[in-house]
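*Asks:* What follows is protein.txt; its format and atoms are compact mmCIF, all heavy atoms.
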```
# COMPACT_ATOMS: atom_id res chain seq x y z
N MET A 1 90.43 112.40 101.46
CA MET A 1 89.50 112.75 100.44
C MET A 1 89.32 114.25 100.46
O MET A 1 89.39 114.87 101.52
CB MET A 1 88.21 111.97 100.63
CG MET A 1 87.12 112.63 101.40
SD MET A 1 85.62 111.64 101.58
CE MET A 1 86.20 110.03 101.89
N VAL A 2 89.11 114.84 99.30
CA VAL A 2 88.88 116.28 99.17
C VAL A 2 87.61 116.48 98.37
O VAL A 2 87.43 115.90 97.30
CB VAL A 2 90.06 116.98 98.44
CG1 VAL A 2 89.77 118.45 98.27
CG2 VAL A 2 91.36 116.77 99.20
N ALA A 3 86.71 117.30 98.89
CA ALA A 3 85.45 117.58 98.20
C ALA A 3 85.67 118.60 97.08
O ALA A 3 86.37 119.58 97.26
CB ALA A 3 84.41 118.11 99.18
N GLN A 4 85.05 118.35 95.94
CA GLN A 4 85.11 119.25 94.81
C GLN A 4 83.75 119.93 94.59
O GLN A 4 83.54 120.59 93.59
CB GLN A 4 85.50 118.48 93.54
CG GLN A 4 86.84 117.79 93.64
CD GLN A 4 87.98 118.78 93.72
OE1 GLN A 4 88.08 119.69 92.92
NE2 GLN A 4 88.83 118.61 94.71
N CYS A 5 82.83 119.73 95.52
CA CYS A 5 81.48 120.30 95.41
C CYS A 5 80.98 120.59 96.83
O CYS A 5 81.71 120.44 97.79
CB CYS A 5 80.56 119.32 94.70
SG CYS A 5 80.37 117.79 95.63
N PHE A 6 79.74 120.95 96.97
CA PHE A 6 79.18 121.27 98.27
C PHE A 6 78.26 120.16 98.75
O PHE A 6 77.56 119.53 97.97
CB PHE A 6 78.40 122.60 98.20
CG PHE A 6 79.29 123.77 97.96
CD1 PHE A 6 79.52 124.23 96.68
CD2 PHE A 6 79.93 124.37 99.01
CE1 PHE A 6 80.36 125.31 96.46
CE2 PHE A 6 80.78 125.45 98.82
CZ PHE A 6 80.99 125.91 97.53
N GLY A 7 78.29 119.91 100.06
CA GLY A 7 77.33 119.02 100.67
C GLY A 7 77.59 117.54 100.49
O GLY A 7 76.80 116.84 99.87
N VAL A 8 78.69 117.04 101.04
CA VAL A 8 78.96 115.61 101.06
C VAL A 8 78.99 115.18 102.52
O VAL A 8 79.68 115.79 103.34
CB VAL A 8 80.30 115.27 100.37
CG1 VAL A 8 80.60 113.79 100.51
CG2 VAL A 8 80.25 115.67 98.90
N GLU A 9 78.23 114.16 102.84
CA GLU A 9 78.17 113.67 104.22
C GLU A 9 78.94 112.36 104.32
O GLU A 9 78.74 111.44 103.53
CB GLU A 9 76.72 113.44 104.62
CG GLU A 9 76.58 112.91 106.04
CD GLU A 9 75.13 112.60 106.37
OE1 GLU A 9 74.67 111.51 105.99
OE2 GLU A 9 74.48 113.47 106.96
N ILE A 10 79.83 112.30 105.31
CA ILE A 10 80.60 111.08 105.58
C ILE A 10 80.18 110.61 106.96
O ILE A 10 80.25 111.37 107.93
CB ILE A 10 82.12 111.32 105.54
CG1 ILE A 10 82.56 111.76 104.14
CG2 ILE A 10 82.87 110.07 105.92
CD1 ILE A 10 82.59 113.22 103.94
N SER A 11 79.72 109.38 107.04
CA SER A 11 79.32 108.78 108.32
C SER A 11 80.37 107.76 108.72
O SER A 11 80.72 106.88 107.94
CB SER A 11 77.96 108.09 108.19
OG SER A 11 76.97 109.02 107.83
N VAL A 12 80.88 107.92 109.93
CA VAL A 12 81.77 106.95 110.56
C VAL A 12 81.14 106.63 111.91
O VAL A 12 80.27 107.37 112.38
CB VAL A 12 83.21 107.50 110.71
CG1 VAL A 12 83.85 107.71 109.35
CG2 VAL A 12 83.24 108.79 111.51
N PRO A 13 81.52 105.54 112.56
CA PRO A 13 80.87 105.17 113.81
C PRO A 13 80.81 106.34 114.81
O PRO A 13 81.82 106.94 115.15
CB PRO A 13 81.75 104.04 114.34
CG PRO A 13 82.30 103.41 113.10
CD PRO A 13 82.55 104.57 112.18
N GLY A 14 79.60 106.69 115.19
CA GLY A 14 79.38 107.72 116.20
C GLY A 14 79.45 109.15 115.70
O GLY A 14 79.35 110.08 116.50
N GLU A 15 79.62 109.36 114.40
CA GLU A 15 79.78 110.73 113.90
C GLU A 15 79.35 110.86 112.45
O GLU A 15 79.57 109.97 111.64
CB GLU A 15 81.25 111.13 114.03
CG GLU A 15 81.51 112.58 113.86
CD GLU A 15 82.94 112.96 114.25
OE1 GLU A 15 83.74 112.08 114.58
OE2 GLU A 15 83.23 114.15 114.20
N GLN A 16 78.71 112.01 112.15
CA GLN A 16 78.40 112.36 110.77
C GLN A 16 79.08 113.70 110.49
O GLN A 16 78.90 114.66 111.24
CB GLN A 16 76.89 112.48 110.56
CG GLN A 16 76.19 111.14 110.62
CD GLN A 16 74.71 111.27 110.34
OE1 GLN A 16 74.07 112.18 110.83
NE2 GLN A 16 74.19 110.35 109.55
N ILE A 17 79.84 113.75 109.41
CA ILE A 17 80.63 114.93 109.07
C ILE A 17 80.18 115.41 107.70
O ILE A 17 80.05 114.61 106.77
CB ILE A 17 82.13 114.56 109.03
CG1 ILE A 17 82.55 113.98 110.38
CG2 ILE A 17 82.98 115.76 108.65
CD1 ILE A 17 83.64 112.96 110.30
N VAL A 18 79.95 116.72 107.57
CA VAL A 18 79.60 117.30 106.27
C VAL A 18 80.80 118.09 105.79
O VAL A 18 81.35 118.93 106.52
CB VAL A 18 78.37 118.21 106.38
CG1 VAL A 18 78.10 118.91 105.05
CG2 VAL A 18 77.15 117.41 106.81
N ILE A 19 81.25 117.80 104.57
CA ILE A 19 82.34 118.57 103.97
C ILE A 19 81.84 119.28 102.73
O ILE A 19 80.91 118.82 102.06
CB ILE A 19 83.57 117.68 103.66
CG1 ILE A 19 83.26 116.58 102.67
CG2 ILE A 19 84.16 117.10 104.94
CD1 ILE A 19 84.48 115.78 102.23
N ASP A 20 82.44 120.43 102.46
CA ASP A 20 82.09 121.24 101.30
C ASP A 20 83.32 121.41 100.42
O ASP A 20 84.41 120.96 100.77
CB ASP A 20 81.58 122.61 101.77
CG ASP A 20 80.23 122.53 102.46
OD1 ASP A 20 79.34 121.83 101.93
OD2 ASP A 20 80.05 123.15 103.52
N ALA A 21 83.16 122.08 99.31
CA ALA A 21 84.26 122.26 98.34
C ALA A 21 85.51 122.76 99.05
O ALA A 21 85.46 123.71 99.83
CB ALA A 21 83.84 123.23 97.25
N GLY A 22 86.63 122.09 98.79
CA GLY A 22 87.90 122.48 99.37
C GLY A 22 88.21 121.84 100.71
O GLY A 22 89.34 121.87 101.17
N ASP A 23 87.21 121.27 101.38
CA ASP A 23 87.43 120.60 102.65
C ASP A 23 88.10 119.25 102.42
O ASP A 23 87.94 118.64 101.37
CB ASP A 23 86.11 120.35 103.40
CG ASP A 23 85.45 121.62 103.90
OD1 ASP A 23 86.13 122.67 103.94
OD2 ASP A 23 84.27 121.56 104.28
N SER A 24 88.83 118.79 103.43
CA SER A 24 89.44 117.47 103.33
C SER A 24 89.19 116.70 104.61
O SER A 24 88.87 117.28 105.65
CB SER A 24 90.94 117.58 103.05
OG SER A 24 91.59 118.23 104.13
N LEU A 25 89.35 115.40 104.52
CA LEU A 25 89.08 114.52 105.66
C LEU A 25 89.97 113.30 105.53
O LEU A 25 90.18 112.79 104.43
CB LEU A 25 87.61 114.10 105.65
CG LEU A 25 87.14 113.15 106.74
CD1 LEU A 25 87.19 113.83 108.10
CD2 LEU A 25 85.75 112.67 106.45
N TYR A 26 90.51 112.85 106.65
CA TYR A 26 91.32 111.63 106.68
C TYR A 26 90.70 110.65 107.67
O TYR A 26 90.29 111.05 108.76
CB TYR A 26 92.76 111.93 107.11
CG TYR A 26 93.52 110.65 107.41
CD1 TYR A 26 94.12 109.94 106.39
CD2 TYR A 26 93.57 110.15 108.70
CE1 TYR A 26 94.78 108.75 106.65
CE2 TYR A 26 94.24 108.95 108.97
CZ TYR A 26 94.83 108.26 107.95
OH TYR A 26 95.47 107.08 108.20
N PHE A 27 90.63 109.40 107.27
CA PHE A 27 90.29 108.32 108.20
C PHE A 27 90.86 107.04 107.64
O PHE A 27 91.10 106.91 106.43
CB PHE A 27 88.77 108.20 108.43
CG PHE A 27 87.96 107.98 107.20
CD1 PHE A 27 87.70 106.69 106.74
CD2 PHE A 27 87.43 109.04 106.49
CE1 PHE A 27 86.95 106.47 105.61
CE2 PHE A 27 86.67 108.84 105.36
CZ PHE A 27 86.43 107.55 104.92
N ALA A 28 91.13 106.09 108.52
CA ALA A 28 91.68 104.81 108.09
C ALA A 28 90.64 104.08 107.25
O ALA A 28 89.44 104.06 107.58
CB ALA A 28 92.07 103.97 109.30
N ALA A 29 91.08 103.48 106.16
CA ALA A 29 90.16 102.77 105.26
C ALA A 29 89.47 101.60 105.95
O ALA A 29 88.41 101.16 105.51
CB ALA A 29 90.91 102.28 104.03
N THR A 30 90.04 101.12 107.03
CA THR A 30 89.43 100.00 107.76
C THR A 30 88.29 100.46 108.65
O THR A 30 87.55 99.63 109.18
CB THR A 30 90.49 99.29 108.63
OG1 THR A 30 91.10 100.25 109.48
CG2 THR A 30 91.55 98.62 107.76
N THR A 31 88.11 101.77 108.80
CA THR A 31 87.00 102.32 109.58
C THR A 31 85.71 102.15 108.77
O THR A 31 85.66 102.58 107.61
CB THR A 31 87.22 103.81 109.88
OG1 THR A 31 88.43 103.97 110.60
CG2 THR A 31 86.07 104.39 110.68
N PRO A 32 84.67 101.56 109.36
CA PRO A 32 83.40 101.49 108.63
C PRO A 32 82.94 102.91 108.29
O PRO A 32 83.01 103.80 109.13
CB PRO A 32 82.45 100.83 109.63
CG PRO A 32 83.34 100.10 110.59
CD PRO A 32 84.59 100.92 110.68
N HIS A 33 82.51 103.11 107.05
CA HIS A 33 82.11 104.44 106.62
C HIS A 33 81.07 104.38 105.51
O HIS A 33 80.92 103.38 104.85
CB HIS A 33 83.33 105.24 106.17
CG HIS A 33 84.08 104.62 105.04
ND1 HIS A 33 84.97 103.59 105.23
CD2 HIS A 33 84.05 104.87 103.71
CE1 HIS A 33 85.48 103.24 104.07
NE2 HIS A 33 84.94 103.99 103.12
N ARG A 34 80.38 105.52 105.36
CA ARG A 34 79.42 105.69 104.27
C ARG A 34 79.56 107.11 103.77
O ARG A 34 79.70 108.05 104.56
CB ARG A 34 78.00 105.46 104.78
CG ARG A 34 76.95 105.56 103.67
CD ARG A 34 75.58 105.36 104.22
NE ARG A 34 75.18 106.61 104.84
CZ ARG A 34 73.96 106.87 105.26
NH1 ARG A 34 73.04 105.94 105.19
NH2 ARG A 34 73.66 108.02 105.80
N ILE A 35 79.53 107.29 102.47
CA ILE A 35 79.66 108.61 101.86
C ILE A 35 78.45 108.84 100.97
O ILE A 35 78.07 107.97 100.20
CB ILE A 35 80.95 108.69 101.00
CG1 ILE A 35 82.17 108.39 101.87
CG2 ILE A 35 81.07 110.05 100.33
CD1 ILE A 35 83.43 108.16 101.08
N ARG A 36 77.83 110.04 101.10
CA ARG A 36 76.68 110.34 100.24
C ARG A 36 76.58 111.83 100.00
O ARG A 36 77.02 112.65 100.82
CB ARG A 36 75.38 109.82 100.83
CG ARG A 36 74.93 110.56 102.07
CD ARG A 36 73.66 109.94 102.65
NE ARG A 36 73.16 110.76 103.75
CZ ARG A 36 72.00 111.36 103.75
NH1 ARG A 36 71.18 111.24 102.72
NH2 ARG A 36 71.63 112.09 104.78
N SER A 37 76.02 112.19 98.87
CA SER A 37 75.76 113.59 98.54
C SER A 37 74.50 114.03 99.26
O SER A 37 73.49 113.31 99.24
CB SER A 37 75.59 113.76 97.03
OG SER A 37 75.24 115.09 96.74
N ILE A 38 74.53 115.19 99.88
CA ILE A 38 73.32 115.75 100.49
C ILE A 38 72.93 117.05 99.79
O ILE A 38 72.16 117.84 100.29
CB ILE A 38 73.49 115.97 102.01
CG1 ILE A 38 74.70 116.85 102.31
CG2 ILE A 38 73.61 114.62 102.72
CD1 ILE A 38 74.81 117.24 103.78
N SER A 39 73.48 117.24 98.61
CA SER A 39 73.21 118.41 97.79
C SER A 39 72.46 117.95 96.55
O SER A 39 72.62 116.81 96.11
CB SER A 39 74.55 119.04 97.38
OG SER A 39 74.36 120.00 96.38
N PRO A 40 71.65 118.82 95.96
CA PRO A 40 70.98 118.43 94.72
C PRO A 40 71.97 118.28 93.56
O PRO A 40 71.65 117.66 92.55
CB PRO A 40 69.99 119.57 94.45
CG PRO A 40 70.41 120.70 95.32
CD PRO A 40 71.23 120.14 96.43
N GLU A 41 73.18 118.81 93.72
CA GLU A 41 74.19 118.69 92.68
C GLU A 41 74.94 117.36 92.82
O GLU A 41 74.99 116.78 93.90
CB GLU A 41 75.19 119.84 92.78
CG GLU A 41 74.56 121.20 92.59
CD GLU A 41 75.55 122.32 92.87
OE1 GLU A 41 76.76 122.06 92.96
OE2 GLU A 41 75.09 123.46 93.00
N ARG A 42 75.54 116.93 91.74
CA ARG A 42 76.33 115.70 91.75
C ARG A 42 77.58 115.89 92.62
O ARG A 42 78.26 116.91 92.52
CB ARG A 42 76.73 115.36 90.33
CG ARG A 42 77.50 114.09 90.22
CD ARG A 42 77.85 113.80 88.79
NE ARG A 42 78.63 112.59 88.73
CZ ARG A 42 78.80 111.89 87.66
NH1 ARG A 42 78.22 112.27 86.54
NH2 ARG A 42 79.54 110.80 87.68
N ALA A 43 77.87 114.92 93.44
CA ALA A 43 79.05 114.98 94.30
C ALA A 43 80.29 114.55 93.54
O ALA A 43 80.25 113.62 92.74
CB ALA A 43 78.86 114.09 95.52
N GLU A 44 81.40 115.24 93.78
CA GLU A 44 82.69 114.85 93.22
C GLU A 44 83.71 114.90 94.35
O GLU A 44 83.82 115.90 95.05
CB GLU A 44 83.11 115.81 92.11
CG GLU A 44 82.24 115.73 90.89
CD GLU A 44 82.72 116.64 89.78
OE1 GLU A 44 83.94 116.89 89.71
OE2 GLU A 44 81.89 117.09 89.00
N LEU A 45 84.46 113.82 94.50
CA LEU A 45 85.47 113.73 95.54
C LEU A 45 86.78 113.25 94.93
O LEU A 45 86.79 112.48 93.98
CB LEU A 45 85.07 112.71 96.61
CG LEU A 45 83.78 112.97 97.37
CD1 LEU A 45 83.43 111.77 98.23
CD2 LEU A 45 83.92 114.20 98.24
N VAL A 46 87.87 113.71 95.49
CA VAL A 46 89.18 113.17 95.16
C VAL A 46 89.56 112.28 96.34
O VAL A 46 89.65 112.76 97.47
CB VAL A 46 90.23 114.29 94.98
CG1 VAL A 46 91.61 113.69 94.76
CG2 VAL A 46 89.84 115.20 93.83
N VAL A 47 89.73 110.99 96.09
CA VAL A 47 90.01 110.03 97.15
C VAL A 47 91.41 109.46 96.91
O VAL A 47 91.71 108.98 95.82
CB VAL A 47 88.96 108.90 97.16
CG1 VAL A 47 89.29 107.87 98.24
CG2 VAL A 47 87.57 109.48 97.37
N VAL A 48 92.24 109.52 97.93
CA VAL A 48 93.59 108.99 97.85
C VAL A 48 93.68 107.81 98.82
O VAL A 48 93.36 107.93 99.99
CB VAL A 48 94.64 110.05 98.24
CG1 VAL A 48 96.04 109.47 98.21
CG2 VAL A 48 94.53 111.26 97.32
N VAL A 49 94.10 106.66 98.30
CA VAL A 49 94.24 105.46 99.10
C VAL A 49 95.71 105.08 99.09
O VAL A 49 96.32 104.98 98.04
CB VAL A 49 93.37 104.31 98.53
CG1 VAL A 49 93.54 103.05 99.37
CG2 VAL A 49 91.92 104.74 98.45
N GLY A 50 96.27 104.88 100.27
CA GLY A 50 97.68 104.53 100.35
C GLY A 50 97.89 103.21 101.06
O GLY A 50 97.06 102.78 101.86
N ASP A 51 99.00 102.59 100.75
CA ASP A 51 99.37 101.35 101.40
C ASP A 51 100.13 101.68 102.69
O ASP A 51 100.98 102.56 102.69
CB ASP A 51 100.26 100.53 100.46
CG ASP A 51 100.45 99.11 100.93
OD1 ASP A 51 100.15 98.81 102.10
OD2 ASP A 51 100.91 98.30 100.12
N ARG A 52 99.83 100.99 103.73
CA ARG A 52 100.46 101.24 105.01
C ARG A 52 101.94 100.88 105.00
O ARG A 52 102.75 101.45 105.69
CB ARG A 52 99.72 100.46 106.10
CG ARG A 52 100.09 100.83 107.46
CD ARG A 52 99.20 100.24 108.50
NE ARG A 52 98.56 99.00 108.12
CZ ARG A 52 97.70 98.36 108.88
NH1 ARG A 52 97.40 98.84 110.05
NH2 ARG A 52 97.14 97.25 108.49
N ASP A 53 102.31 99.87 104.20
CA ASP A 53 103.68 99.40 104.14
C ASP A 53 104.41 100.08 103.00
O ASP A 53 104.00 99.98 101.84
CB ASP A 53 103.74 97.89 103.95
CG ASP A 53 103.05 97.14 105.10
OD1 ASP A 53 103.20 97.61 106.26
OD2 ASP A 53 102.39 96.14 104.84
N PRO A 54 105.51 100.80 103.27
CA PRO A 54 106.25 101.47 102.19
C PRO A 54 106.91 100.47 101.25
O PRO A 54 107.28 99.36 101.68
CB PRO A 54 107.29 102.30 102.92
CG PRO A 54 107.46 101.63 104.25
CD PRO A 54 106.12 100.98 104.56
N VAL A 55 107.05 100.87 100.01
CA VAL A 55 107.73 100.04 99.01
C VAL A 55 109.24 100.25 99.18
O VAL A 55 109.71 101.39 99.26
CB VAL A 55 107.29 100.43 97.59
CG1 VAL A 55 108.08 99.64 96.56
CG2 VAL A 55 105.80 100.21 97.42
N THR A 56 109.98 99.17 99.22
CA THR A 56 111.43 99.28 99.31
C THR A 56 112.06 98.63 98.09
O THR A 56 111.58 97.64 97.58
CB THR A 56 111.97 98.59 100.59
OG1 THR A 56 111.55 97.23 100.59
CG2 THR A 56 111.45 99.27 101.83
N ASP A 57 113.13 99.22 97.60
CA ASP A 57 113.83 98.70 96.42
C ASP A 57 115.04 97.91 96.83
O ASP A 57 115.68 98.11 97.78
CB ASP A 57 114.26 99.82 95.49
CG ASP A 57 113.04 100.49 94.87
OD1 ASP A 57 112.03 99.80 94.66
OD2 ASP A 57 113.13 101.70 94.59
```
Could you render the structure as structure tokens?

*Replies:*
Amino acid sequence: MVAQCFGVEISVPGEQIVIDAGDSLYFAATTPHRIRSISPERAELVVVVGDRDPVTD
């Protein structure tokens, strides 16, 4: 995920991470997580989800 604004908090077990515009973060989708804006502005994130198994033709 990549933040497009300032002040987004991501909580994963045992850790809280704050990312700002231009920051990125990777974690497995199976990890319990919570994402919230901690800024008065609206949060915008680019989230990329991939499949673990590659597609073969």

*Asks:* What does the structure give for the distance between atom C of Phe6 in chain A and NH2 of Arg34 in chain A, in Å to one decimal?

*Replies:*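 Taking atom C of Phe6 in chain A as the start and NH2 of Arg34 in chain A as the end point, the length is 14.8 Å.
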
*Asks:* Please, what distance in Å, to one decimal, runs between atom N of Asp51 in chain A and atom C of Gly14 in chain A?

*Replies:*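 Atom-to-atom, atom N of Asp51 in chain A and atom C of Gly14 in chain A are spaced 25.5 Å apart.
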
*Asks:* Restricting the calculation to all atoms listed in the file: of A:Val48, A:Arg42, A:Ser37, A:Gly7, which residue gets closest to Ala21 in chain A?

*Replies:* A:Gly7

*Asks:* For CA of Thr30 in chain A and CA of Glu15 in chain A, quote the distance in Å rounded to one decimal.

*Replies:*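 These atoms are spaced 15.7 Å apart.
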
*Asks:* Go through range 8-46 of chain A and collect every residue that DSSP, computed from the backbone, puts in strand (DSSP E); the answer should be as an NGL selection string.

*Replies:* :A and (8-12 or 15-19 or 34-37 or 45-46)

*Asks:* Can you list, as a VMD selection string, every protein, DNA or RNA residue that comes within 12 Å of Ser39 in chain A when you count only C-alpha atoms, leaving out same-chain residues fewer than 5 positions away?

*Replies:* chain A and resid 5 to 9 18 to 21 44

*Asks:* Around all of range 27-37 of chain A's listed atoms, make the axis-aligned box with 3 Å on each side and tell me centre and edge lengths in Å to one decimal, as lines of an AutoDock Vina configuration file.

*Replies:*
```
center_x = 81.6
center_y = 106.9
center_z = 103.7
size_x = 26.9
size_y = 22.5
size_z = 19.9
```

*Asks:* Which residues are close to Pro13 in chain A, i.e. within 6 Å by all atoms listed in the file, leaving aside same-chain residues fewer than 4 positions away? Reply as an MDAnalysis selection string.

*Replies:* chainID A and resid 31:33

*Asks:* Next, write the just-selected residues to a file, as a short mmCIF file (atom, residue, chain, number, x, y, z; two decimals), in the frame of the given file, keeping all heavy atoms as the atom set.

*Replies:*
```cif
data_model
loop_
_atom_site.label_atom_id
_atom_site.label_comp_id
_atom_site.auth_asym_id
_atom_site.auth_seq_id
_atom_site.Cartn_x
_atom_site.Cartn_y
_atom_site.Cartn_z
N THR A 31 88.11 101.77 108.80
CA THR A 31 87.00 102.32 109.58
C THR A 31 85.71 102.15 108.77
O THR A 31 85.66 102.58 107.61
CB THR A 31 87.22 103.81 109.88
OG1 THR A 31 88.43 103.97 110.60
CG2 THR A 31 86.07 104.39 110.68
N PRO A 32 84.67 101.56 109.36
CA PRO A 32 83.40 101.49 108.63
C PRO A 32 82.94 102.91 108.29
O PRO A 32 83.01 103.80 109.13
CB PRO A 32 82.45 100.83 109.63
CG PRO A 32 83.34 100.10 110.59
CD PRO A 32 84.59 100.92 110.68
N HIS A 33 82.51 103.11 107.05
CA HIS A 33 82.11 104.44 106.62
C HIS A 33 81.07 104.38 105.51
O HIS A 33 80.92 103.38 104.85
CB HIS A 33 83.33 105.24 106.17
CG HIS A 33 84.08 104.62 105.04
ND1 HIS A 33 84.97 103.59 105.23
CD2 HIS A 33 84.05 104.87 103.71
CE1 HIS A 33 85.48 103.24 104.07
NE2 HIS A 33 84.94 103.99 103.12
#
```

*Asks:* Restricted to N, CA, C and O atoms, what does range 33-52 of chain A look like when written out as a PDB file, in the first residue's frame?

*Replies:*
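Saved as part-v8.pdb:
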```pdb
ATOM      1  N   HIS A  33      -5.119  -6.897  10.579  1.00  0.00           N
ATOM      2  CA  HIS A  33      -4.715  -5.501  10.466  1.00  0.00           C
ATOM      3  C   HIS A  33      -5.922  -4.571  10.529  1.00  0.00           C
ATOM      4  O   HIS A  33      -7.044  -4.981  10.325  1.00  0.00           O
ATOM      5  N   ARG A  34      -5.604  -3.307  10.832  1.00  0.00           N
ATOM      6  CA  ARG A  34      -6.614  -2.248  10.842  1.00  0.00           C
ATOM      7  C   ARG A  34      -5.962  -1.009  10.257  1.00  0.00           C
ATOM      8  O   ARG A  34      -4.804  -0.699  10.564  1.00  0.00           O
ATOM      9  N   ILE A  35      -6.680  -0.297   9.419  1.00  0.00           N
ATOM     10  CA  ILE A  35      -6.165   0.913   8.782  1.00  0.00           C
ATOM     11  C   ILE A  35      -7.124   2.052   9.104  1.00  0.00           C
ATOM     12  O   ILE A  35      -8.338   1.899   8.980  1.00  0.00           O
ATOM     13  N   ARG A  36      -6.563   3.208   9.522  1.00  0.00           N
ATOM     14  CA  ARG A  36      -7.428   4.356   9.805  1.00  0.00           C
ATOM     15  C   ARG A  36      -6.679   5.652   9.560  1.00  0.00           C
ATOM     16  O   ARG A  36      -5.447   5.716   9.682  1.00  0.00           O
ATOM     17  N   SER A  37      -7.415   6.680   9.222  1.00  0.00           N
ATOM     18  CA  SER A  37      -6.848   8.012   9.055  1.00  0.00           C
ATOM     19  C   SER A  37      -6.691   8.645  10.424  1.00  0.00           C
ATOM     20  O   SER A  37      -7.607   8.585  11.253  1.00  0.00           O
ATOM     21  N   ILE A  38      -5.545   9.254  10.674  1.00  0.00           N
ATOM     22  CA  ILE A  38      -5.349   9.994  11.932  1.00  0.00           C
ATOM     23  C   ILE A  38      -5.145  11.478  11.633  1.00  0.00           C
ATOM     24  O   ILE A  38      -4.676  12.234  12.458  1.00  0.00           O
ATOM     25  N   SER A  39      -5.515  11.866  10.430  1.00  0.00           N
ATOM     26  CA  SER A  39      -5.412  13.247   9.977  1.00  0.00           C
ATOM     27  C   SER A  39      -6.819  13.794   9.793  1.00  0.00           C
ATOM     28  O   SER A  39      -7.745  13.028   9.512  1.00  0.00           O
ATOM     29  N   PRO A  40      -7.002  15.097   9.933  1.00  0.00           N
ATOM     30  CA  PRO A  40      -8.330  15.655   9.670  1.00  0.00           C
ATOM     31  C   PRO A  40      -8.714  15.565   8.191  1.00  0.00           C
ATOM     32  O   PRO A  40      -9.878  15.680   7.845  1.00  0.00           O
ATOM     33  N   GLU A  41      -7.727  15.326   7.325  1.00  0.00           N
ATOM     34  CA  GLU A  41      -8.002  15.197   5.908  1.00  0.00           C
ATOM     35  C   GLU A  41      -8.417  13.765   5.571  1.00  0.00           C
ATOM     36  O   GLU A  41      -8.090  12.826   6.296  1.00  0.00           O
ATOM     37  N   ARG A  42      -9.102  13.608   4.464  1.00  0.00           N
ATOM     38  CA  ARG A  42      -9.519  12.290   4.008  1.00  0.00           C
ATOM     39  C   ARG A  42      -8.290  11.464   3.603  1.00  0.00           C
ATOM     40  O   ARG A  42      -7.401  11.963   2.921  1.00  0.00           O
ATOM     41  N   ALA A  43      -8.264  10.229   4.016  1.00  0.00           N
ATOM     42  CA  ALA A  43      -7.144   9.341   3.680  1.00  0.00           C
ATOM     43  C   ALA A  43      -7.339   8.744   2.297  1.00  0.00           C
ATOM     44  O   ALA A  43      -8.455   8.400   1.907  1.00  0.00           O
ATOM     45  N   GLU A  44      -6.252   8.640   1.545  1.00  0.00           N
ATOM     46  CA  GLU A  44      -6.268   7.973   0.251  1.00  0.00           C
ATOM     47  C   GLU A  44      -5.068   7.034   0.197  1.00  0.00           C
ATOM     48  O   GLU A  44      -3.949   7.442   0.472  1.00  0.00           O
ATOM     49  N   LEU A  45      -5.327   5.785  -0.149  1.00  0.00           N
ATOM     50  CA  LEU A  45      -4.275   4.779  -0.235  1.00  0.00           C
ATOM     51  C   LEU A  45      -4.370   4.054  -1.570  1.00  0.00           C
ATOM     52  O   LEU A  45      -5.456   3.869  -2.103  1.00  0.00           O
ATOM     53  N   VAL A  46      -3.232   3.644  -2.075  1.00  0.00           N
ATOM     54  CA  VAL A  46      -3.189   2.747  -3.220  1.00  0.00           C
ATOM     55  C   VAL A  46      -2.844   1.380  -2.643  1.00  0.00           C
ATOM     56  O   VAL A  46      -1.794   1.210  -2.033  1.00  0.00           O
ATOM     57  N   VAL A  47      -3.751   0.417  -2.802  1.00  0.00           N
ATOM     58  CA  VAL A  47      -3.565  -0.911  -2.229  1.00  0.00           C
ATOM     59  C   VAL A  47      -3.448  -1.910  -3.372  1.00  0.00           C
ATOM     60  O   VAL A  47      -4.302  -1.952  -4.261  1.00  0.00           O
ATOM     61  N   VAL A  48      -2.392  -2.698  -3.347  1.00  0.00           N
ATOM     62  CA  VAL A  48      -2.172  -3.723  -4.361  1.00  0.00           C
ATOM     63  C   VAL A  48      -2.272  -5.082  -3.671  1.00  0.00           C
ATOM     64  O   VAL A  48      -1.605  -5.345  -2.687  1.00  0.00           O
ATOM     65  N   VAL A  49      -3.134  -5.936  -4.212  1.00  0.00           N
ATOM     66  CA  VAL A  49      -3.334  -7.271  -3.665  1.00  0.00           C
ATOM     67  C   VAL A  49      -2.918  -8.263  -4.744  1.00  0.00           C
ATOM     68  O   VAL A  49      -3.373  -8.167  -5.875  1.00  0.00           O
ATOM     69  N   GLY A  50      -2.051  -9.193  -4.384  1.00  0.00           N
ATOM     70  CA  GLY A  50      -1.587 -10.165  -5.361  1.00  0.00           C
ATOM     71  C   GLY A  50      -1.887 -11.575  -4.913  1.00  0.00           C
ATOM     72  O   GLY A  50      -2.033 -11.861  -3.723  1.00  0.00           O
ATOM     73  N   ASP A  51      -1.972 -12.448  -5.887  1.00  0.00           N
ATOM     74  CA  ASP A  51      -2.185 -13.860  -5.617  1.00  0.00           C
ATOM     75  C   ASP A  51      -0.823 -14.521  -5.395  1.00  0.00           C
ATOM     76  O   ASP A  51       0.121 -14.257  -6.127  1.00  0.00           O
ATOM     77  N   ARG A  52      -0.749 -15.358  -4.415  1.00  0.00           N
ATOM     78  CA  ARG A  52       0.506 -16.016  -4.086  1.00  0.00           C
ATOM     79  C   ARG A  52       0.932 -17.000  -5.174  1.00  0.00           C
ATOM     80  O   ARG A  52       2.096 -17.239  -5.397  1.00  0.00           O
TER      81      ARG A  52
END
```
